[in-house]
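Trainee: What follows is target.txt, made up of compact mmCIF, C-alpha atoms and all ligand atoms:
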```
# COMPACT_ATOMS: atom_id res chain seq x y z
CA MET A 1 33.69 -14.40 4.93
CA GLN A 2 29.95 -15.14 5.27
CA PRO A 3 27.86 -12.56 3.40
CA ILE A 4 25.57 -10.53 5.66
CA GLN A 5 21.87 -11.16 5.13
CA ALA A 6 18.92 -8.84 5.78
CA VAL A 7 17.22 -9.13 9.17
CA ARG A 8 14.70 -12.01 9.19
CA GLY A 9 11.23 -10.93 8.14
CA MET A 10 12.50 -7.71 6.53
CA ASN A 11 12.38 -7.64 2.75
CA ASP A 12 14.26 -5.90 -0.02
CA VAL A 13 12.12 -4.59 -2.87
CA LEU A 14 14.22 -5.17 -5.99
CA PRO A 15 14.10 -3.19 -9.26
CA ASP A 16 11.89 -5.76 -11.01
CA GLN A 17 9.37 -5.46 -8.17
CA THR A 18 9.27 -1.68 -7.85
CA PRO A 19 7.03 -1.01 -10.89
CA VAL A 20 4.10 -2.68 -9.18
CA TRP A 21 4.84 -0.80 -5.93
CA GLU A 22 4.99 2.48 -7.87
CA PHE A 23 1.79 1.69 -9.75
CA PHE A 24 0.12 0.98 -6.42
CA GLU A 25 1.51 4.15 -4.80
CA GLN A 26 0.42 6.34 -7.71
CA THR A 27 -3.07 4.82 -7.72
CA VAL A 28 -3.32 5.44 -3.97
CA ARG A 29 -2.09 9.05 -4.29
CA ASP A 30 -4.71 9.82 -6.95
CA TRP A 31 -7.43 8.06 -4.97
CA LEU A 32 -6.60 9.98 -1.76
CA SER A 33 -6.58 13.26 -3.61
CA ASP A 34 -9.97 12.44 -5.20
CA TYR A 35 -11.38 12.17 -1.65
CA GLY A 36 -9.57 15.21 -0.26
CA TYR A 37 -7.12 13.44 2.09
CA ARG A 38 -3.83 15.25 2.70
CA ASN A 39 -0.54 13.47 3.18
CA MET A 40 1.48 13.67 6.39
CA ARG A 41 4.71 12.00 7.47
CA MET A 42 5.66 10.97 10.98
CA PRO A 43 8.92 9.56 12.39
CA VAL A 44 9.30 5.75 12.42
CA LEU A 45 10.63 5.95 15.98
CA GLU A 46 8.41 7.07 18.87
CA LYS A 47 8.46 6.96 22.66
CA THR A 48 7.36 3.50 23.79
CA ASP A 49 4.67 4.97 26.04
CA LEU A 50 2.75 6.25 23.02
CA PHE A 51 1.98 2.70 21.89
CA VAL A 52 1.46 1.31 25.37
CA ARG A 53 -1.13 3.99 26.08
CA SER A 54 -2.91 3.77 22.72
CA ILE A 55 -2.75 0.19 21.46
CA GLY A 56 -3.15 -1.17 24.99
CA GLU A 57 -0.86 -2.96 27.41
CA VAL A 58 -2.58 -6.34 27.10
CA THR A 59 -2.53 -6.76 23.31
CA ASP A 60 -0.42 -8.97 21.05
CA ILE A 61 1.35 -5.94 19.65
CA VAL A 62 2.44 -4.38 22.94
CA GLU A 63 3.03 -7.65 24.79
CA LYS A 64 5.20 -9.37 22.23
CA GLU A 65 5.53 -7.70 18.84
CA MET A 66 7.24 -4.36 19.44
CA TYR A 67 10.84 -3.51 18.59
CA THR A 68 11.64 -1.64 21.77
CA PHE A 69 15.07 -0.55 22.94
CA ILE A 70 16.68 1.86 25.34
CA ASP A 71 18.35 4.92 23.83
CA GLN A 72 21.91 4.47 25.09
CA LEU A 73 22.43 8.23 25.39
CA ASN A 74 19.57 9.18 27.67
CA GLY A 75 18.00 5.94 28.87
CA GLU A 76 14.69 6.69 27.14
CA SER A 77 12.61 3.72 25.95
CA LEU A 78 11.91 3.99 22.20
CA THR A 79 9.91 1.80 19.82
CA LEU A 80 9.87 1.33 16.05
CA ARG A 81 6.26 2.10 15.17
CA PRO A 82 4.08 -1.01 14.84
CA GLU A 83 1.27 1.05 13.25
CA GLY A 84 0.53 4.63 12.28
CA THR A 85 -2.66 5.79 14.01
CA ALA A 86 -1.00 6.46 17.37
CA SER A 87 1.73 8.61 15.75
CA CYS A 88 -0.82 10.41 13.61
CA VAL A 89 -2.96 11.33 16.63
CA ARG A 90 0.18 12.25 18.62
CA ALA A 91 1.19 14.62 15.81
CA ALA A 92 -2.33 16.06 15.53
CA ILE A 93 -2.30 16.88 19.26
CA GLN A 94 1.27 18.18 19.25
CA HIS A 95 0.64 20.52 16.28
CA ASN A 96 -2.96 21.38 17.12
CA LEU A 97 -4.15 20.09 13.73
CA LEU A 98 -7.81 20.27 14.72
CA TYR A 99 -7.60 24.00 15.54
CA ASN A 100 -9.54 24.92 12.40
CA GLY A 101 -11.93 22.01 12.52
CA PRO A 102 -11.81 18.36 11.50
CA CYS A 103 -9.28 17.11 8.99
CA ARG A 104 -8.77 14.24 6.59
CA VAL A 105 -5.19 12.96 6.50
CA SER A 106 -3.20 9.97 5.30
CA TYR A 107 0.30 8.56 5.57
CA SER A 108 2.25 5.56 4.37
CA GLY A 109 5.45 3.79 5.22
CA PRO A 110 7.12 0.89 6.95
CA MET A 111 5.78 -0.57 10.22
CA PHE A 112 7.61 -3.02 12.47
CA ARG A 113 6.26 -5.99 14.40
CA HIS A 114 8.26 -8.88 15.80
CA GLU A 115 5.96 -11.65 14.54
CA ARG A 116 6.73 -15.09 13.15
CA PRO A 117 7.51 -14.42 9.47
CA GLN A 118 5.25 -16.35 7.07
CA LYS A 119 3.27 -15.75 3.91
CA GLY A 120 1.71 -12.27 4.22
CA ARG A 121 3.28 -11.65 7.63
CA PHE A 122 6.60 -9.86 7.96
CA ARG A 123 8.60 -7.99 10.58
CA GLN A 124 8.92 -4.90 8.43
CA PHE A 125 5.82 -4.36 6.33
CA HIS A 126 4.16 -1.32 4.75
CA GLN A 127 0.85 0.34 5.40
CA VAL A 128 -1.15 3.15 3.90
CA GLY A 129 -3.21 4.74 6.68
CA VAL A 130 -6.23 6.98 6.23
CA GLU A 131 -7.60 8.96 9.18
CA ALA A 132 -10.52 11.37 9.62
CA LEU A 133 -9.79 13.39 12.76
CA GLY A 134 -12.53 15.32 14.56
CA PHE A 135 -15.47 13.69 12.73
CA ARG A 136 -18.34 12.17 14.68
CA GLY A 137 -19.69 9.71 12.05
CA PRO A 138 -21.19 7.48 10.94
CA ASP A 139 -21.19 9.33 7.59
CA ILE A 140 -17.39 9.54 7.57
CA ASP A 141 -17.10 5.85 8.55
CA ALA A 142 -19.20 5.06 5.48
CA GLU A 143 -16.97 7.33 3.39
CA HIS A 144 -13.96 5.23 4.44
CA MET A 145 -15.61 1.98 3.40
CA ILE A 146 -16.82 3.45 0.12
CA MET A 147 -13.25 4.63 -0.51
CA GLY A 148 -12.00 1.10 0.08
CA ALA A 149 -14.45 -0.35 -2.43
CA ARG A 150 -13.34 2.19 -5.03
CA LEU A 151 -9.64 1.51 -4.46
CA TRP A 152 -10.04 -2.26 -4.97
CA GLN A 153 -11.89 -1.47 -8.17
CA ARG A 154 -9.12 0.85 -9.39
CA LEU A 155 -6.50 -1.77 -8.58
CA GLY A 156 -8.48 -4.35 -10.56
CA LEU A 157 -9.13 -6.46 -7.45
CA SER A 158 -12.31 -8.40 -6.87
CA ASP A 159 -12.71 -11.09 -4.20
CA ILE A 160 -12.38 -8.66 -1.28
CA THR A 161 -15.32 -8.66 1.09
CA LEU A 162 -16.20 -6.20 3.81
CA GLU A 163 -16.99 -7.41 7.32
CA ILE A 164 -18.31 -4.90 9.82
CA ASN A 165 -19.22 -4.87 13.48
CA THR A 166 -19.86 -2.37 16.23
CA LEU A 167 -18.02 -2.41 19.56
CA GLY A 168 -20.45 0.09 21.10
CA SER A 169 -19.56 2.52 23.86
CA ASP A 170 -17.19 2.02 26.79
CA GLU A 171 -20.21 1.42 29.05
CA SER A 172 -21.74 -1.26 26.84
CA ARG A 173 -18.37 -2.99 26.52
CA ALA A 174 -18.04 -2.97 30.31
CA ARG A 175 -21.45 -4.68 30.65
CA TYR A 176 -20.48 -7.22 28.00
CA ARG A 177 -17.11 -7.83 29.61
CA ALA A 178 -18.75 -9.19 32.76
CA ARG A 179 -20.85 -11.67 30.74
CA LEU A 180 -17.87 -12.67 28.62
CA VAL A 181 -15.65 -13.32 31.66
CA ALA A 182 -18.32 -15.54 33.20
CA TYR A 183 -18.58 -17.49 29.93
CA LEU A 184 -14.82 -17.84 29.50
CA GLU A 185 -14.44 -18.98 33.12
CA SER A 186 -17.02 -21.69 32.46
CA ARG A 187 -14.79 -22.98 29.63
CA SER A 188 -11.43 -22.20 31.22
CA ASP A 189 -10.06 -25.71 30.61
CA GLU A 190 -10.30 -25.08 26.85
CA LEU A 191 -8.43 -21.75 26.93
CA ASP A 192 -4.83 -21.46 25.74
CA ASP A 193 -2.19 -19.75 27.91
CA ASP A 194 -2.64 -16.32 26.32
CA SER A 195 -6.40 -16.43 26.70
CA ARG A 196 -6.28 -17.64 30.29
CA ARG A 197 -3.96 -14.78 31.14
CA ARG A 198 -6.23 -12.27 29.36
CA LEU A 199 -9.41 -13.59 30.91
CA HIS A 200 -9.21 -10.92 33.60
CA THR A 201 -6.90 -8.32 32.09
CA ASN A 202 -8.44 -7.93 28.62
CA PRO A 203 -11.11 -10.55 27.91
CA LEU A 204 -12.24 -9.06 24.59
CA ARG A 205 -8.80 -9.90 23.20
CA VAL A 206 -9.64 -13.58 23.60
CA LEU A 207 -12.15 -13.12 20.73
CA ASP A 208 -9.27 -11.91 18.50
CA SER A 209 -7.29 -15.11 19.10
CA LYS A 210 -5.58 -16.53 16.01
CA ASN A 211 -5.21 -19.98 17.62
CA PRO A 212 -7.32 -22.50 15.63
CA ALA A 213 -7.84 -24.54 18.83
CA MET A 214 -9.67 -21.55 20.34
CA GLN A 215 -12.14 -21.07 17.53
CA ASP A 216 -15.00 -23.12 19.07
CA VAL A 217 -14.78 -21.14 22.30
CA VAL A 218 -14.77 -17.91 20.33
CA ARG A 219 -17.68 -18.92 18.09
CA GLU A 220 -19.92 -19.87 20.99
CA ALA A 221 -19.15 -16.78 23.10
CA PRO A 222 -21.98 -14.43 24.10
CA ARG A 223 -22.58 -11.55 21.74
CA LEU A 224 -21.72 -7.95 22.37
CA ALA A 225 -24.78 -6.97 20.31
CA ASP A 226 -27.08 -7.77 23.26
CA ASP A 227 -25.34 -5.15 25.44
CA LEU A 228 -25.28 -2.28 22.97
CA ASP A 229 -26.96 0.98 23.90
CA ALA A 230 -29.52 2.69 21.70
CA GLU A 231 -27.12 5.34 20.42
CA SER A 232 -24.53 2.83 19.17
CA LEU A 233 -27.21 0.67 17.59
CA GLU A 234 -28.69 3.66 15.81
CA ALA A 235 -25.27 4.75 14.50
CA PHE A 236 -24.58 1.20 13.31
CA GLU A 237 -27.90 1.03 11.48
CA HIS A 238 -27.30 4.43 9.93
CA LEU A 239 -23.90 3.25 8.74
CA GLN A 240 -25.45 0.18 7.14
CA SER A 241 -28.06 2.25 5.33
CA LEU A 242 -25.34 4.56 3.95
CA LEU A 243 -23.36 1.56 2.69
CA SER A 244 -26.43 0.03 1.09
CA ALA A 245 -27.32 3.33 -0.58
CA ALA A 246 -23.78 3.43 -2.04
CA ASP A 247 -24.08 -0.19 -3.22
CA VAL A 248 -21.21 -1.34 -1.02
CA GLN A 249 -21.76 -5.00 -0.08
CA PHE A 250 -20.96 -5.98 3.52
CA GLU A 251 -21.46 -8.73 6.05
CA ILE A 252 -21.96 -8.25 9.77
CA ASN A 253 -19.44 -10.29 11.77
CA PRO A 254 -20.35 -10.10 15.48
CA ARG A 255 -16.98 -11.65 16.42
CA LEU A 256 -14.91 -8.90 14.86
CA VAL A 257 -13.13 -7.04 17.68
CA ARG A 258 -9.76 -5.97 16.15
CA GLY A 259 -6.36 -6.41 17.82
CA LEU A 260 -5.93 -2.90 19.22
CA ASP A 261 -7.68 -1.51 22.27
CA TYR A 262 -8.50 1.97 21.05
CA TYR A 263 -11.56 1.15 18.96
CA ASN A 264 -15.23 1.81 19.74
CA ASP A 265 -18.44 1.66 17.68
CA ALA A 266 -17.88 0.76 14.01
CA VAL A 267 -14.96 -1.56 13.20
CA TYR A 268 -14.37 -3.44 9.97
CA GLU A 269 -12.01 -5.57 7.92
CA TRP A 270 -11.61 -6.11 4.20
CA ILE A 271 -10.87 -9.80 3.70
CA THR A 272 -9.90 -12.00 0.79
CA THR A 273 -9.94 -15.78 0.66
CA ARG A 274 -7.18 -15.82 -1.98
CA LEU A 275 -4.19 -15.32 0.34
CA GLY A 276 -4.62 -18.21 2.79
CA ALA A 277 -4.53 -17.49 6.52
CA GLN A 278 -3.35 -13.87 6.17
CA GLY A 279 -6.50 -12.73 4.36
CA THR A 280 -7.12 -9.33 5.97
CA VAL A 281 -5.83 -6.70 3.56
CA CYS A 282 -7.27 -3.62 5.25
CA ALA A 283 -8.82 -2.87 8.62
CA GLY A 284 -10.07 0.04 10.66
CA GLY A 285 -12.68 1.62 12.82
CA ARG A 286 -13.68 4.43 15.10
CA TYR A 287 -11.44 5.52 17.99
CA ASP A 288 -13.23 8.32 19.83
CA GLY A 289 -11.24 7.86 23.05
CA LEU A 290 -7.74 7.92 21.62
CA PHE A 291 -7.03 11.67 21.67
CA GLU A 292 -7.80 11.82 25.38
CA GLN A 293 -5.99 8.57 26.09
CA ILE A 294 -2.71 10.00 24.85
CA GLY A 295 -3.13 13.34 26.55
CA GLY A 296 -5.03 15.51 24.06
CA LYS A 297 -8.38 17.24 24.25
CA PRO A 298 -11.21 14.81 23.49
CA ALA A 299 -11.89 14.44 19.76
CA THR A 300 -13.89 11.90 17.79
CA ALA A 301 -12.08 10.18 14.93
CA CYS A 302 -11.88 7.08 12.75
CA GLY A 303 -9.55 5.55 10.20
CA PHE A 304 -8.16 2.47 8.54
CA ALA A 305 -4.88 0.97 7.39
CA MET A 306 -4.11 -1.39 4.56
CA GLY A 307 -1.21 -3.82 4.25
CA LEU A 308 0.71 -3.22 1.03
CA GLU A 309 2.47 -6.59 0.86
CA ARG A 310 -0.84 -8.44 1.09
CA LEU A 311 -2.50 -6.21 -1.51
CA LEU A 312 0.45 -6.59 -3.88
CA ALA A 313 0.33 -10.36 -3.42
CA LEU A 314 -3.36 -10.24 -4.28
CA MET A 315 -2.61 -8.14 -7.36
CA ALA A 316 -0.01 -10.69 -8.49
CA ASP A 317 -2.47 -13.51 -7.83
CA SER A 318 -5.12 -11.70 -9.90
CA GLY A 319 -2.71 -11.09 -12.81
CA GLN A 320 -2.75 -7.32 -12.22
CA ALA A 321 0.97 -6.64 -12.71
CA PRO A 322 1.95 -3.53 -14.70
CA SER A 323 4.62 -4.07 -17.37
CA LEU A 324 8.22 -3.20 -16.55
CA PRO A 325 9.29 0.22 -17.83
CA VAL A 326 11.89 0.22 -20.63
CA PRO A 327 14.25 3.02 -21.72
CA ASP A 328 13.42 4.88 -24.92
CA VAL A 329 16.97 4.82 -26.21
CA TYR A 330 20.38 3.28 -25.44
CA VAL A 331 23.38 5.30 -26.66
CA VAL A 332 26.41 3.31 -27.83
CA HIS A 333 29.65 5.06 -28.68
CA ALA A 334 33.31 4.30 -29.42
CA GLY A 335 36.23 6.64 -30.06
CA GLU A 336 37.27 9.71 -28.11
CA ALA A 337 35.43 12.39 -30.12
CA ALA A 338 32.38 10.10 -30.45
CA SER A 339 32.22 9.58 -26.69
CA ARG A 340 32.42 13.33 -26.01
CA PHE A 341 29.57 13.91 -28.47
CA ALA A 342 27.56 10.95 -27.06
CA TRP A 343 27.47 12.54 -23.60
CA LYS A 344 26.04 15.70 -25.18
CA VAL A 345 23.46 13.79 -27.22
CA ALA A 346 22.31 11.81 -24.19
CA GLU A 347 21.70 15.06 -22.27
CA MET A 348 19.79 16.49 -25.29
CA PHE A 349 17.57 13.37 -25.34
CA ARG A 350 16.91 13.88 -21.63
CA ASP A 351 16.08 17.56 -22.29
CA ALA A 352 13.33 16.13 -24.51
CA ARG A 353 12.31 13.81 -21.62
CA LEU A 354 13.39 10.63 -23.39
CA ALA A 355 14.49 7.90 -20.97
CA THR A 356 18.09 7.47 -22.07
CA ILE A 357 20.79 5.04 -21.05
CA LEU A 358 24.29 6.09 -22.00
CA HIS A 359 26.64 3.13 -22.27
CA CYS A 360 29.38 3.30 -19.65
CA GLY A 361 32.41 1.06 -19.39
CA GLY A 362 33.68 1.02 -22.98
CA GLY A 363 33.86 -2.08 -25.21
CA SER A 364 33.31 -2.86 -28.87
CA PHE A 365 30.22 -1.70 -30.79
CA LYS A 366 29.16 -5.33 -30.92
CA SER A 367 29.23 -5.85 -27.14
CA GLN A 368 27.57 -2.47 -26.56
CA MET A 369 24.76 -3.39 -28.97
CA LYS A 370 24.18 -6.56 -26.93
CA ARG A 371 23.76 -4.42 -23.84
CA ALA A 372 21.40 -2.09 -25.74
CA ASP A 373 19.27 -5.05 -26.72
CA GLY A 374 19.29 -6.49 -23.20
CA SER A 375 18.18 -3.15 -21.72
CA GLY A 376 14.82 -3.44 -23.47
CA ALA A 377 15.31 0.00 -25.08
CA ARG A 378 13.19 0.68 -28.15
CA PHE A 379 16.08 2.29 -30.06
CA ALA A 380 19.86 2.30 -30.13
CA ALA A 381 21.59 5.59 -30.93
CA ILE A 382 24.96 4.71 -32.44
CA ILE A 383 27.75 7.28 -32.40
CA GLY A 384 31.12 6.67 -34.04
CA ASP A 385 33.73 9.22 -35.08
CA ASP A 386 31.87 9.70 -38.41
CA GLU A 387 28.63 10.65 -36.72
CA ALA A 388 30.48 12.87 -34.22
CA GLN A 389 32.17 14.79 -36.98
CA GLY A 390 28.85 15.53 -38.71
CA GLU A 391 27.00 16.03 -35.35
CA LEU A 392 24.67 13.21 -36.38
CA VAL A 393 23.44 9.99 -34.75
CA SER A 394 22.56 6.65 -36.32
CA ILE A 395 19.23 5.42 -34.99
CA LYS A 396 18.38 1.74 -35.09
CA PRO A 397 15.03 0.34 -33.98
CA LEU A 398 15.58 -2.61 -31.64
CA ARG A 399 12.05 -4.02 -31.21
CA VAL A 400 10.81 -3.96 -34.80
CA THR A 401 12.64 -4.54 -38.08
CA GLY A 402 13.70 -1.28 -39.66
CA GLU A 403 16.57 0.47 -41.35
CA GLN A 404 19.33 2.15 -39.41
CA ARG A 405 19.17 5.88 -40.28
CA LYS A 406 21.66 8.70 -39.85
CA LEU A 407 19.81 11.73 -38.45
CA THR A 408 20.35 15.06 -36.72
CA VAL A 409 19.73 14.96 -32.96
CA GLU A 410 16.42 16.82 -33.49
CA GLN A 411 15.25 14.33 -36.11
CA ALA A 412 16.36 11.44 -33.92
CA THR A 413 14.43 12.89 -30.97
CA GLU A 414 11.28 13.13 -33.12
CA MET A 415 11.65 9.56 -34.31
CA ILE A 416 12.21 8.12 -30.82
CA ARG A 417 9.31 10.11 -29.42
CA LYS A 418 6.76 8.47 -31.72
CA PRO A 419 5.46 5.65 -29.55
CA CYS A 420 5.00 2.90 -32.16
CA GLN A 421 8.28 3.11 -34.06
P1 LIG A 501 -3.49 -9.66 11.58
O1 LIG A 501 -4.78 -10.03 12.21
O2 LIG A 501 -3.28 -10.25 10.22
O3 LIG A 501 -2.31 -9.86 12.49
P2 LIG A 501 -3.74 -6.97 12.50
O4 LIG A 501 -5.12 -6.94 13.01
O5 LIG A 501 -2.63 -7.18 13.46
O6 LIG A 501 -3.61 -8.09 11.33
P3 LIG A 501 -3.72 -4.17 11.79
O7 LIG A 501 -2.94 -3.75 12.96
O8 LIG A 501 -5.14 -3.90 11.72
O9 LIG A 501 -3.46 -5.75 11.55
O10 LIG A 501 -3.00 -3.64 10.46
C1 LIG A 501 -3.71 -3.36 9.26
C2 LIG A 501 -3.22 -4.20 8.11
O11 LIG A 501 -1.81 -4.24 8.05
C3 LIG A 501 -3.60 -5.67 8.22
O12 LIG A 501 -4.92 -5.87 7.77
C4 LIG A 501 -2.61 -6.31 7.29
O13 LIG A 501 -3.00 -6.18 5.94
C5 LIG A 501 -1.37 -5.47 7.52
N1 LIG A 501 -0.47 -6.15 8.47
C6 LIG A 501 -0.54 -6.20 9.82
N2 LIG A 501 0.49 -6.88 10.34
C7 LIG A 501 1.24 -7.29 9.28
C8 LIG A 501 2.46 -8.04 9.14
N3 LIG A 501 3.13 -8.48 10.20
N4 LIG A 501 2.94 -8.27 7.90
C9 LIG A 501 2.30 -7.81 6.80
N5 LIG A 501 1.15 -7.09 6.86
C10 LIG A 501 0.63 -6.84 8.08
MG MG A 502 -1.46 -8.81 14.08
```
Have the structure of the file written as structure tokens, please.

Mentor:
Amino acid sequence: MQPIQAVRGMNDVLPDQTPVWEFFEQTVRDWLSDYGYRNMRMPVLEKTDLFVRSIGEVTDIVEKEMYTFIDQLNGESLTLRPEGTASCVRAAIQHNLLYNGPCRVSYSGPMFRHERPQKGRFRQFHQVGVEALGFRGPDIDAEHMIMGARLWQRLGLSDITLEINTLGSDESRARYRARLVAYLESRSDELDDDSRRRLHTNPLRVLDSKNPAMQDVVREAPRLADDLDAESLEAFEHLQSLLSAADVQFEINPRLVRGLDYYNDAVYEWITTRLGAQGTVCAGGRYDGLFEQIGGKPATACGFAMGLERLLALMADSGQAPSLPVPDVYVVHAGEAASRFAWKVAEMFRDARLATILHCGGGSFKSQMKRADGSGARFAAIIGDDEAQGELVSIKPLRVTGEQRKLTVEQATEMIRKPCQ
């Protein structure tokens, strides 16, 4: 029979890979707590309408990337979440999270997008999302970018640059839209199918095109900056001065529009040149209209999400891999009384918080010692009938040369605990 493979674009994370994931997750947990962001968890499955209303009908995600299906039991259309902001805002409205004022929250987990799998692009991938709900900015927007800079530093990552832009208000985008449509119409023979279709439905999306053949058209497009109103410009300048005061380097990229419709004012991406085409490791912005758009009371807010797979690839590329954890001790045992005692000893080691592997599956001392060595454990605890009778264990260092010594369990625990033995 053919073995069953995982779904294309969906990855297993194997035991040798989890240490770097856990290092990353722990670093992120500490970092979020240092900035006062509280964790929340939302379902991976939501009503399809949530994403259509928030991300926007004429976007890559909603048009072609969502895993959408009909619930066979009640005919409801459901979607595996392609991102977390919509669910987070849905939950904030549903549970009245802003009742006592603004809040800083975060979440992490798998997201699903039906894209063409390639380096740095998967169909199930993982994000950490950070959202500040009920804040007007731009101070909080600056906080988010300063947080980013600190996280890269804690992860030992350089070579990530910050690009920022402002999308202005709805009114300024409407003014710009008219100019952009006129421009795109004048170059309509150079547009690809997607862009031609979006010319009238969602022209700003054309600027987010990933098609290399479209890049000239995008580069020469009129600039949104010329249509911005005074308030947006002032907020954008304030944001820049906060970033400069915090020594966070940035570049203004007037073409940056982001692939989701809910953004306004400040948007940004953290980009590396070390990962090839999929160089955006983190992205975000302000979404003041989103609460209302999905049926809540109006509330200003902003946030960002980072892609774990891309950041982990960057860590590997930068030689930032933590070492694999090894057990403290591997317990080998043969003989009926010895085995009974070995189970006890292993539990006593664990009482002392020593990482202990108890040999299972029988076999000679010789074959068990091979396993002990292969496990990477620092010590073997050897228990034969002799040791069992005296309630002793023989401890043998496996990583340095040293005598095998017969000890009480307490003495053995002390010896194993010392880190450099
Ligand atoms: P891209 O332009 O690369 O398609 P995006 O604008 O669609 O990214 P966002 O929706 O802003 O991405 O998601 C935030 C981050 O999540 C991205 O910067 C990226 O690091 C990560 N990400 C998005 N889609 C994928 C994917 N299919 N596979 C792996 N990571 C992804
Ligand atoms: Mg995308």

Trainee: Taking all atoms listed in the file into account, which of A:Arg81, A:His144, A:Arg196, A:Arg187 comes nearest ligand LIG 501 (chain A)?

Mentor: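 The closest residue to ligand LIG 501 (chain A) is A:Arg81.
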
Trainee: In Å to one decimal, how far is CA of Ser54 in chain A from atom C10 of ligand LIG 501 (chain A)?

Mentor: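 Interatomic distance here is 18.4 Å.
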
Trainee: If the limit is 8 Å from any atom of ligand MG 502 (chain A), counting all atoms listed in the file, which residues qualify? Return them as a PyMOL selection string.

Mentor: chain A and resi 60-61+115+259

Trainee: As a PyMOL selection string, please: the residues near range 10-15 of chain A (cut-off 12 Å, all atoms listed in the file, same-chain neighbours under 2 positions excluded).

Mentor: chain A and resi 5-8+17-22+110-118+120-126+309+312+324-325

Trainee: For range 279-285 of chain A, find every residue with an atom within 6 Å (counting all atoms listed in the file), except residues of its own chain fewer than 6 positions away, and show them as a PDB file with C-alpha atoms, keeping the file's coordinate frame.

Mentor:
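Dumped to out38.pdb:
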```pdb
ATOM      1  CA  ALA A 266     -17.880   0.760  14.010  1.00  0.00           C
ATOM      2  CA  VAL A 267     -14.960  -1.560  13.200  1.00  0.00           C
ATOM      3  CA  TYR A 268     -14.370  -3.440   9.970  1.00  0.00           C
ATOM      4  CA  GLU A 269     -12.010  -5.570   7.920  1.00  0.00           C
ATOM      5  CA  TRP A 270     -11.610  -6.110   4.200  1.00  0.00           C
ATOM      6  CA  ILE A 271     -10.870  -9.800   3.700  1.00  0.00           C
ATOM      7  CA  THR A 272      -9.900 -12.000   0.790  1.00  0.00           C
ATOM      8  CA  THR A 273      -9.940 -15.780   0.660  1.00  0.00           C
ATOM      9  CA  CYS A 302     -11.880   7.080  12.750  1.00  0.00           C
ATOM     10  CA  GLY A 303      -9.550   5.550  10.200  1.00  0.00           C
ATOM     11  CA  PHE A 304      -8.160   2.470   8.540  1.00  0.00           C
ATOM     12  CA  ALA A 305      -4.880   0.970   7.390  1.00  0.00           C
ATOM     13  CA  MET A 306      -4.110  -1.390   4.560  1.00  0.00           C
ATOM     14  CA  GLY A 307      -1.210  -3.820   4.250  1.00  0.00           C
ATOM     15  CA  ARG A 310      -0.840  -8.440   1.090  1.00  0.00           C
TER      16      ARG A 310
END
```

Trainee: Could you tell me which of A:Asp317, A:Glu25, A:Asp351, A:Asp141 comes closest to Asp159 in chain A if we count all atoms listed in the file?

Mentor: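 Smallest distance to Asp159 in chain A is found for A:Asp317.
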
Trainee: Show me, as a list in words, the residues that have an atom within 9 Å of range 232-248 of chain A when counting all atoms listed in the file, minus same-chain residues fewer than 6 positions from it.

Mentor: Gly137, Pro138, Asp139, Asp141, Ala142, Glu143, Met145, Ile146, Ala149, Leu162, Asn165, Thr166, Leu167, Gly168, Ser169, Ala225, Asp265 and Ala266 of chain A

Trainee: Can you tell me, as lines of an AutoDock Vina configuration file, the centre and edge lengths (Å, one decimal) of the axis-aligned box enclosing all of ligand LIG 501 (chain A)'s listed atoms after padding each side by 8 Å?

Mentor:
```
center_x = -1.0
center_y = -6.8
center_z = 9.7
size_x = 24.3
size_y = 22.9
size_z = 23.5
```

Trainee: Please indicate the distance in Å from CA of Cys103 in chain A to CA of Glu131 in chain A, rounded to one decimal place.

Mentor: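 Going from CA of Cys103 in chain A over to CA of Glu131 in chain A covers 8.3 Å.
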
Trainee: What does the distance between CA of Tyr37 in chain A and CA of Pro82 in chain A come to in Å, to one decimal place?

Mentor: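 Distance reported for this atom pair: 22.3 Å.
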
Trainee: Just checking: using all atoms listed in the file, which residue out of A:Ser364, A:Ser77, A:Thr59, A:Asn264 ends up closest to ligand LIG 501 (chain A)?

Mentor: A:Thr59

Trainee: Nearest residue to Gly374 in chain A out of A:Phe291, A:Trp343, A:Tyr330, A:Trp31, using only C-alpha atoms?

Mentor: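 The closest residue to Gly374 in chain A is A:Tyr330.
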
Trainee: Skipping near chain neighbours, those fewer than 3 positions away, what residues fall within 10 Å of Asp226 in chain A using only C-alpha atoms, listed as a list in words?

Mentor: Ser172, Arg175, Tyr176, Pro222, Arg223 and Asp229 of chain A

Trainee: Which residue gives the smallest distance to Arg104 in chain A among A:Asp216, A:Leu80, A:Ala301, A:Ile70, with only C-alpha atoms counted?

Mentor: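 Comparing A:Asp216, A:Leu80, A:Ala301, A:Ile70 against Arg104 in chain A, the winner is A:Ala301.
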
Trainee: Return the single residue from A:Ser108, A:Thr48, A:Asn253, A:Gln94 that is closest to ligand LIG 501 (chain A), with distances computed using all atoms listed in the file.

Mentor: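 Ranking A:Ser108, A:Thr48, A:Asn253, A:Gln94 by distance to ligand LIG 501 (chain A), first place goes to A:Ser108.
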